[in-house]
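Report on the following structure.
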Protein chains: 2
Amino acid sequence: MDAALIIDEVRLTPVLISDPPLLNTQGVHQPYTPRLIVEVLTRGGVTGLGETYGDSKYIEIARQLAEALPGRPVTDLNGLFPLAAEVCGASRATDDRVDAGGLRGVQTADKLRLSVVSGFEVACLDALGRTLGLPVHAMLGGKVRDSVEYSAYLFYRCAGHPGAAGEKDDWGAALDPAGVVAQARRLARDHGFTSFKLKGGVFPPDEEIAAIRALAEVFPGQPLRLDPNGAWSVETSLYVADQLAELLEYLEDPAGSTAQMAEVAAAARVPLATNMCVTTIEEVPEAFASGAVQVVLCDHHYWGGLGRTRELAALCRTYGVGLSMHSNTHLGISLAAMTQVAATVPNLDFACDSHYPWQAEDVITGRHVFRGGRLDVTDAPGLGVELDRERLAVLHRRWLDDDGAMRDRDDAAAMRVADPRWTAPAVPRW
Amino acid sequence: MDAALIIDEVRLTPVLISDPPLLNTQGVHQPYTPRLIVEVLTRGGVTGLGETYGDSKYIEIARQLAEALPGRPVTDLNGLFPLAAEVCGASRATDDRVDAGGLRGVQTADKLRLSVVSGFEVACLDALGRTLGLPVHAMLGGKVRDSVEYSAYLFYRCAGHPGAAGEKDDWGAALDPAGVVAQARRLARDHGFTSFKLKGGVFPPDEEIAAIRALAEVFPGQPLRLDPNGAWSVETSLYVADQLAELLEYLEDPAGSTAQMAEVAAAARVPLATNMCVTTIEEVPEAFASGAVQVVLCDHHYWGGLGRTRELAALCRTYGVGLSMHSNTHLGISLAAMTQVAATVPNLDFACDSHYPWQAEDVITGRHVFRGGRLDVTDAPGLGVELDRERLAVLHRRWLDDDGAMRDRDDAAAMRVADPRWTAPAVPRW
């Protein structure tokens with residue numbers, strides 16, 4: 001193997017990035033949220049970039065994996081999985097749950113590890129591509145489209161963070177149908193999005209139904225989605241599905257388990273999507289067999305990287321299940337990775353989600369620009385993005401200076417700033 | 001995209017290679033069998049090698065695809081599938097069956113096209129690897145093992161071809177348990193194989209049961225397999241499974257349909273393997289849901305190449321189904337490709353099949369050498385094999401000189417040389 005492709009060093013840089021006060025069923029986004037920037041440096045002098053969750057538990061695993069990588073080639077992507085299992089302890093059973101936020105479905109040590117591997121896999125692919133002069137998509141079999149469509153990600157939100165913490169923005173509050181519509185108009189105007197997803201589970205279902213109806217009036221015939229993150233009972237899910245059957249492209253995770261989703265799917269006249277009950281391959285057979293989901297929202301962070309994303313796409317193709325992409329708060333490195341892999345998947349059936357328009361801060365030199373709601377698929381080497389080391393230092397400094405309050409994302413904690421009695425609601429909430 | 005990676009020309013060379021008189025339920029291998037050698041030449045002056053079936057129907061499709069490739073990058077592997085569908089006519093329904101030999105299960109235009117694409121995909125990967133100085137496995141995420149295990153492929157056979165046609169060899173006949181055991185001893189001695197597969201469906205089941213028992217006596221505890229190519233009824237399948245339950249690693253395609261396999265699997269005490277009822281992704285869901293197969297024998301020629309082979313591996317991993325590899329008559333290019341992709345698949349659960357020891361002729365400069373039944377996974381660029389142009393010319397000349405009798409494999413036709421009344425038996429034969 002060419003010595004230039006051997007990993008010399010792995011650098012991990014946790015950062016805190018500003019996040020607007022976006023509401024979900026658990027609470028509200030904190031003023032800052034952690035991300036972990038992964039740099040894989042080769043003996044050939046090339047640096048590959050990756051990005052993943054930055055909470056303490058992820059960093060702990062990432063540090064162990066980072067120590068084990070030097071001396072291995074960046075092409076050894078299949079080997080990252082057994083290596084991660086080895087250095088982080090043997091694969092644990094799914095009942096060995098750890099707490100890592102409530103919006104990702106059941107949390108396990110395996111899931112944490114796959115999320116960490118994803119950041120390393122992307123960094124290795126970026127380093128490989130930069131070394132070879134090839135875009136990442138070329139190392140995934142080549143792009144089948146020249147641009148990837150994204151949808152506008154609408155959130156109920158406050159004008160500012162509770163306690164006036166964090167950075168300010170000029171979006172104002174969106175706490176009712178009119179506010180949601182105004183937000184959608186601005187996202188459509190600024191980025192050209194033509195489909196819209198509303199993060200629900202925040203207000204009683206009838207209010208969210210009204211918001212979708214208001215969107216449908218302003219954007220007639222355009223794809224609309226609603227995602228309450230499993231906040232509803234089967235009965236409520238069916239009620240909402242019935243009310244919005246003619247308006248929704250799909251209803252995302254109305255109920256919180258595969259069995260409940262299957263119950264809803266059996267009677268609903270609208271397809272169900274998920275990024276909660278199908279987040280690992282172990283969850284696929286039951287969900288597909290029971291007809292619980294018609295669309296899987298893949299997230300390369302969840303699934304262990306871009307190669308695994310392509311495998312999930314093959315699974316969906318085989319079983320006639322739709323495919324799109326989920327997004328959590330992320331920076332431009334991950335958006336570049338999403339776009340590269342999305343470009344290679346023939347059965348990308350829906351516009352992908354992205355929080356990116358809500359992220360005012362980034363660690364790359366040039367921000368991604370949506371045109372007509374789409375991102376061009378670059379043919380530049382690797383991911384085609386460059387690290388802004390000054391910004392990285394600033395955002396890392398913020399992480400260093402944090403007293404620990406923001407280093408582990410906790411949407412309920414942020415809510416308690418405004419409402420000290422707040423706890424993440426039990427599900428089903430309605 | 002680097003101009004060096006753009007395809008300049010595709011060369012197709014049909015060859016006829018000698019084949020011993022190996023028996024199966026359809027008849028006997030003809031003295032010569034067609035293969036198609038694919039050369040993808042890049043503007044960078046690199047030539048990538050691929051190999052696939054060489055019957056007329058495959059060549060016809062390959063010629064159309066070969067004309068469409070110049071100007072496209074060798075990295076555009078995902079694009080080969082829509083391109084092939086486009087240049088060869090739209091994807092046809094599976095009821096649009098074409099005849100292409102009886103051992104591959106139901107034949108469709110889609111399957112033919114995927115087999116052709118596989119040869120081109122491998123040639124593109126070889127060209128890419130040679131250009132970049134990387135082995136093919138590195139472009140599939142990297143090897144997870146340094147050698148790949150193969151099993152001895154035992155055949156009932158005659159000493160020579162009917163009518164004394166074709167090349168001679170010194171193997172002699174193997175038409176009873178003693179002959180099968182002698183063949184197994186020689187293959188084990190020469191290549192170090194430690195597992196054995198007998199191609200069955202040739203003699204009444206009790207004779208084949210006796211052959212497996214004879215093997216088990218000589219190779220106690222070593223993995224044994226029996227493959228009658230769907231020649232048996234459910235009842236016969238269950239009888240053989242019962243007789244050999246303690247001796248077989250798996251029973252391969254005892255019955256001819258997914259439904260029949262499911263019936264056998266439900267009652268048999270031995271796992272069932274297949275390369276007949278699961279040969280495309282469309283066939284996967286029913287076979288997995290019904291429990292018809294416990295092991296899928298992948299063949300990258302069937303599935304559309306090495307990338308699709310990896311996707312099938314992911315499907316098997318997801319559904320807890322075992323994976324190994326099937327082999328049809330092939331040359332050293334395909335064996336190199338099999339070995340490269342097999343090295344990247346974590347869940348390669350069994351030793352792979354290979355006809356290779358039966359192929360005295362090849363188009364590569366140095367034959368593959370099994371050591372301890374295994375092939376080393378080379379890190380040489382591309383597939384790590386070189387074309388022997390003199391041999392290629394000789395074998396192509398044989399194809400040119402053929403009057404058409406051998407250009408389309410027909411095991412029943414070869415049998416008719418000895419027995420003019422022979423027709424491929426109706427299944428179930430027993």
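Going by the structure tokens order, chains are called A, B, ..., each with residues numbered from 1, while ligands are numbered from 1 in the order shown.
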Any chance you could tabulate, as a Markdown table, the residues of chain A at most 6 Å from chain B with each one's nearest atom pair and distance in Å to one decimal, using only C-alpha atoms, in chain and rising number order?
| residue | atom | partner | partner_atom | distance |
| --- | --- | --- | --- | --- |
| A:Thr75 | CA | B:Ala138 | CA | 5.5 |
| A:Asp76 | CA | B:Gly142 | CA | 4.6 |
| A:Leu77 | CA | B:Gly141 | CA | 4.8 |
| A:Asn78 | CA | B:Gly141 | CA | 5.2 |
| A:Ala138 | CA | B:Thr75 | CA | 5.4 |
| A:Gly141 | CA | B:Leu77 | CA | 4.8 |
| A:Gly142 | CA | B:Asp76 | CA | 4.6 |
| A:Ile281 | CA | B:Thr318 | CA | 5.6 |
| A:Glu311 | CA | B:Glu311 | CA | 5.6 |
| A:Thr318 | CA | B:Ile281 | CA | 5.6 |
Keeping only C-alpha atoms, write those residues as a PDB file, in the first residue's frame.
ATOM      1  CA  THR A  75      -8.625   2.838   2.460  1.00  0.00           C
ATOM      2  CA  ASP A  76      -9.326   0.469   5.347  1.00  0.00           C
ATOM      3  CA  LEU A  77     -12.944   1.516   5.842  1.00  0.00           C
ATOM      4  CA  ASN A  78     -14.420  -1.945   6.374  1.00  0.00           C
ATOM      5  CA  ALA A 138     -16.236   8.583  -7.206  1.00  0.00           C
ATOM      6  CA  GLY A 141     -19.287   4.164  -7.369  1.00  0.00           C
ATOM      7  CA  GLY A 142     -19.899   7.599  -8.828  1.00  0.00           C
ATOM      8  CA  ILE A 281     -29.730  -2.792  10.533  1.00  0.00           C
ATOM      9  CA  GLU A 311     -26.046  -0.521   2.036  1.00  0.00           C
ATOM     10  CA  THR A 318     -34.790  -4.595  -2.232  1.00  0.00           C
TER      11      THR A 318
END
Near range 415-417 of chain A, within 7 Å and counting only C-alpha atoms, which residues show up once chain neighbours fewer than 6 positions away are dropped, as an MDAnalysis selection string?
chainID A and resid 27:28 162:163
Take the residues from that selection and write them out as a short mmCIF file (atom, residue, chain, number, x, y, z; two decimals), in the first residue's frame, keeping N, CA and C atoms.
data_model
loop_
_atom_site.label_atom_id
_atom_site.label_comp_id
_atom_site.auth_asym_id
_atom_site.auth_seq_id
_atom_site.Cartn_x
_atom_site.Cartn_y
_atom_site.Cartn_z
N GLY A 27 -37.98 19.58 24.35
CA GLY A 27 -37.66 20.87 24.93
C GLY A 27 -37.26 21.86 23.85
N VAL A 28 -36.11 22.47 24.04
CA VAL A 28 -35.65 23.47 23.08
C VAL A 28 -34.14 23.31 22.89
N PRO A 162 -34.26 31.11 26.14
CA PRO A 162 -34.68 31.44 27.52
C PRO A 162 -33.52 32.10 28.27
N GLY A 163 -33.82 33.13 28.97
CA GLY A 163 -32.76 33.82 29.71
C GLY A 163 -31.87 34.66 28.83
#
Range 68-307 of chain A: which residues are strand (DSSP E or B) by DSSP, as a PyMOL selection string?
chain A and resi 73+97+108+135+147-150+152-155+157+174+196-199+224-227+250-252+272-274+295-298
Output of the above residues as a CSV table (one decimal), in the first residue's frame, restricted to N, CA, C and O atoms:
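Output (selection_0.csv):
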chain,number,residue,atom,x,y,z
A,73,PRO,N,-4.1,2.2,6.7
A,73,PRO,CA,-4.3,3.0,5.5
A,73,PRO,C,-5.7,3.6,5.5
A,73,PRO,O,-6.7,3.0,6.1
A,97,ARG,N,-28.4,0.1,27.4
A,97,ARG,CA,-28.7,1.4,26.8
A,97,ARG,C,-28.0,2.5,27.5
A,97,ARG,O,-27.7,2.5,28.7
A,108,THR,N,-28.0,2.8,22.2
A,108,THR,CA,-27.2,1.7,22.6
A,108,THR,C,-25.7,2.1,22.4
A,108,THR,O,-25.4,3.0,21.7
A,135,PRO,N,-13.3,13.0,-6.3
A,135,PRO,CA,-14.4,13.3,-5.3
A,135,PRO,C,-14.8,12.1,-4.5
A,135,PRO,O,-14.6,11.0,-5.0
A,147,SER,N,-27.0,17.2,-8.8
A,147,SER,CA,-27.4,18.0,-7.6
A,147,SER,C,-28.4,17.2,-6.7
A,147,SER,O,-29.0,16.3,-7.2
A,148,VAL,N,-28.4,17.6,-5.5
A,148,VAL,CA,-29.2,16.9,-4.5
A,148,VAL,C,-30.2,17.8,-3.9
A,148,VAL,O,-29.9,18.9,-3.5
A,149,GLU,N,-31.5,17.4,-3.8
A,149,GLU,CA,-32.5,18.3,-3.4
A,149,GLU,C,-32.7,18.2,-1.8
A,149,GLU,O,-32.7,17.1,-1.3
A,150,TYR,N,-32.9,19.3,-1.2
A,150,TYR,CA,-33.1,19.4,0.2
A,150,TYR,C,-34.5,20.0,0.4
A,150,TYR,O,-35.0,20.8,-0.4
A,152,ALA,N,-37.0,22.4,3.1
A,152,ALA,CA,-37.0,23.4,4.2
A,152,ALA,C,-37.4,22.7,5.5
A,152,ALA,O,-38.4,22.1,5.6
A,153,TYR,N,-36.6,22.9,6.5
A,153,TYR,CA,-36.8,22.3,7.8
A,153,TYR,C,-37.4,23.4,8.8
A,153,TYR,O,-36.7,24.2,9.3
A,154,LEU,N,-38.7,23.3,8.9
A,154,LEU,CA,-39.4,24.3,9.7
A,154,LEU,C,-39.5,23.9,11.2
A,154,LEU,O,-39.8,22.8,11.5
A,155,PHE,N,-39.3,24.9,12.1
A,155,PHE,CA,-39.3,24.6,13.5
A,155,PHE,C,-40.2,25.7,14.2
A,155,PHE,O,-40.2,26.9,13.9
A,157,ARG,N,-40.3,28.0,17.1
A,157,ARG,CA,-39.2,28.5,17.8
A,157,ARG,C,-39.6,29.8,18.6
A,157,ARG,O,-40.6,30.4,18.3
A,174,ALA,N,-41.8,31.7,16.1
A,174,ALA,CA,-42.8,31.0,15.2
A,174,ALA,C,-43.5,30.0,16.1
A,174,ALA,O,-43.0,28.9,16.4
A,196,PHE,N,-41.3,21.1,2.4
A,196,PHE,CA,-41.3,21.6,3.7
A,196,PHE,C,-41.5,20.6,4.8
A,196,PHE,O,-42.5,19.8,4.6
A,197,LYS,N,-40.7,20.6,5.8
A,197,LYS,CA,-40.9,19.6,6.9
A,197,LYS,C,-41.1,20.5,8.2
A,197,LYS,O,-40.2,21.3,8.5
A,198,LEU,N,-42.2,20.2,8.9
A,198,LEU,CA,-42.4,20.9,10.2
A,198,LEU,C,-42.0,19.9,11.3
A,198,LEU,O,-42.6,18.8,11.4
A,199,LYS,N,-41.1,20.4,12.2
A,199,LYS,CA,-40.8,19.6,13.4
A,199,LYS,C,-42.0,19.8,14.4
A,199,LYS,O,-42.2,21.0,14.8
A,224,LEU,N,-45.3,18.4,1.8
A,224,LEU,CA,-45.3,18.8,3.2
A,224,LEU,C,-45.1,17.5,4.0
A,224,LEU,O,-45.6,16.5,3.7
A,225,ARG,N,-44.4,17.7,5.1
A,225,ARG,CA,-44.1,16.6,6.1
A,225,ARG,C,-44.3,17.2,7.5
A,225,ARG,O,-44.0,18.3,7.8
A,226,LEU,N,-44.6,16.3,8.4
A,226,LEU,CA,-44.8,16.6,9.8
A,226,LEU,C,-44.1,15.5,10.7
A,226,LEU,O,-44.3,14.4,10.4
A,227,ASP,N,-43.3,16.0,11.6
A,227,ASP,CA,-42.5,15.0,12.4
A,227,ASP,C,-42.6,15.3,13.9
A,227,ASP,O,-41.9,16.2,14.4
A,250,TYR,N,-45.4,12.6,3.6
A,250,TYR,CA,-45.4,11.5,4.5
A,250,TYR,C,-45.5,12.1,5.9
A,250,TYR,O,-45.2,13.3,6.2
A,251,LEU,N,-45.8,11.2,6.9
A,251,LEU,CA,-45.9,11.6,8.3
A,251,LEU,C,-44.7,10.9,8.9
A,251,LEU,O,-44.6,9.7,8.8
A,252,GLU,N,-43.9,11.7,9.7
A,252,GLU,CA,-42.7,11.1,10.2
A,252,GLU,C,-42.8,10.8,11.7
A,252,GLU,O,-43.1,11.6,12.5
A,272,LEU,N,-45.7,6.5,6.2
A,272,LEU,CA,-45.0,6.8,7.4
A,272,LEU,C,-43.5,6.8,7.1
A,272,LEU,O,-43.0,5.8,6.5
A,273,ALA,N,-42.8,7.8,7.6
A,273,ALA,CA,-41.3,7.8,7.5
A,273,ALA,C,-40.8,7.7,8.9
A,273,ALA,O,-41.4,7.9,9.9
A,274,THR,N,-39.5,7.3,9.0
A,274,THR,CA,-38.9,7.2,10.3
A,274,THR,C,-37.4,7.5,10.3
A,274,THR,O,-36.7,7.2,9.3
A,295,VAL,N,-40.9,4.9,4.4
A,295,VAL,CA,-39.8,5.7,4.1
A,295,VAL,C,-38.8,5.6,5.2
A,295,VAL,O,-39.1,5.9,6.4
A,296,VAL,N,-37.5,5.3,4.9
A,296,VAL,CA,-36.5,5.3,6.0
A,296,VAL,C,-35.7,6.6,5.7
A,296,VAL,O,-35.2,6.9,4.6
A,297,LEU,N,-35.5,7.4,6.8
A,297,LEU,CA,-34.7,8.6,6.7
A,297,LEU,C,-33.3,8.2,7.2
A,297,LEU,O,-33.1,8.1,8.4
A,298,CYS,N,-32.4,8.1,6.3
A,298,CYS,CA,-31.1,7.6,6.6
A,298,CYS,C,-30.3,8.8,7.2
A,298,CYS,O,-30.5,10.0,6.8
What's around range 167-171 of chain A at 8 Å? Count only C-alpha atoms, leave out sequence neighbours fewer than 4 positions away in its own chain, and write the answer as an MDAnalysis selection string.
chainID A and resid 18:20 31 159:160 183
If we count only C-alpha atoms and set the cut-off at 10 Å, which residues sit around Glu208 in chain A, ignoring sequence neighbours fewer than 4 positions away in its own chain? Please answer as an MDAnalysis selection string.
chainID A and resid 156 175:177 180 198:204 212:214 226:228 240
Hey, what does DSSP flag as helix (DSSP H, G or I) within range 28-216 of chain A? Can you give it to me as a VMD selection string?
chain A and resid 56 to 68 80 to 87 109 to 132 136 to 140 162 to 164 177 to 191 205 to 216
Compare B:Glu235, B:Asp353, B:Asp8, B:Asp110 by their minimum atom-to-atom distance to Arg429 in chain B, counting only C-alpha atoms, and give me the closest one.
B:Glu235
What does the distance from CA of Asp299 in chain A to CA of Cys124 in chain A come to in Å, to one decimal?
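Value for the CA of Asp299 in chain A-CA of Cys124 in chain A distance: 18.0 Å.
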Quick one: residues within 8 Å of Asp362 in chain A, only C-alpha atoms counted, chain neighbours fewer than 6 positions away excluded, as a ChimeraX atom specification?
/A:17,331-332,391
Any chance you can output those residues with all heavy atoms as a PDB file, in the first residue's frame?
ATOM      1  N   ILE A  17     -21.166  25.068  18.762  1.00  0.00           N
ATOM      2  CA  ILE A  17     -21.672  25.978  17.739  1.00  0.00           C
ATOM      3  C   ILE A  17     -23.008  26.553  18.190  1.00  0.00           C
ATOM      4  O   ILE A  17     -23.771  25.895  18.912  1.00  0.00           O
ATOM      5  CB  ILE A  17     -21.842  25.275  16.382  1.00  0.00           C
ATOM      6  CG1 ILE A  17     -22.799  24.078  16.501  1.00  0.00           C
ATOM      7  CG2 ILE A  17     -20.495  24.830  15.847  1.00  0.00           C
ATOM      8  CD1 ILE A  17     -23.236  23.521  15.158  1.00  0.00           C
ATOM      9  N   LEU A 331     -22.692  20.677  10.690  1.00  0.00           N
ATOM     10  CA  LEU A 331     -21.943  21.727   9.995  1.00  0.00           C
ATOM     11  C   LEU A 331     -21.742  21.341   8.529  1.00  0.00           C
ATOM     12  O   LEU A 331     -22.296  20.357   8.053  1.00  0.00           O
ATOM     13  CB  LEU A 331     -20.600  21.930  10.709  1.00  0.00           C
ATOM     14  CG  LEU A 331     -20.764  22.456  12.148  1.00  0.00           C
ATOM     15  CD1 LEU A 331     -19.453  22.387  12.911  1.00  0.00           C
ATOM     16  CD2 LEU A 331     -21.289  23.895  12.131  1.00  0.00           C
ATOM     17  N   GLY A 332     -20.922  22.138   7.873  1.00  0.00           N
ATOM     18  CA  GLY A 332     -20.755  21.983   6.436  1.00  0.00           C
ATOM     19  C   GLY A 332     -19.994  20.743   6.011  1.00  0.00           C
ATOM     20  O   GLY A 332     -20.135  20.293   4.870  1.00  0.00           O
ATOM     21  N   ARG A 391     -11.848  29.873  12.535  1.00  0.00           N
ATOM     22  CA  ARG A 391     -13.188  29.650  13.097  1.00  0.00           C
ATOM     23  C   ARG A 391     -13.187  28.404  13.984  1.00  0.00           C
ATOM     24  O   ARG A 391     -13.826  28.388  15.042  1.00  0.00           O
ATOM     25  CB  ARG A 391     -14.214  29.444  11.967  1.00  0.00           C
ATOM     26  CG  ARG A 391     -14.561  30.681  11.182  1.00  0.00           C
ATOM     27  CD  ARG A 391     -15.147  31.787  12.038  1.00  0.00           C
ATOM     28  NE  ARG A 391     -16.347  31.388  12.741  1.00  0.00           N
ATOM     29  CZ  ARG A 391     -16.802  31.933  13.869  1.00  0.00           C
ATOM     30  NH1 ARG A 391     -16.095  32.901  14.460  1.00  0.00           N
ATOM     31  NH2 ARG A 391     -17.901  31.528  14.434  1.00  0.00           N
TER      32      ARG A 391
END
Just to confirm, what's the straight-line distance from CA of Asp376 in chain A to CA of Phe193 in chain A in Å (one decimal)?
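CA of Asp376 in chain A sits 14.0 Å away from CA of Phe193 in chain A.
Proximity to Leu65 in chain B was assessed for B:Gly119, B:Pro14, B:Gly404, B:Gly230 counting only C-alpha atoms; the smallest distance is recorded for B:Gly119.
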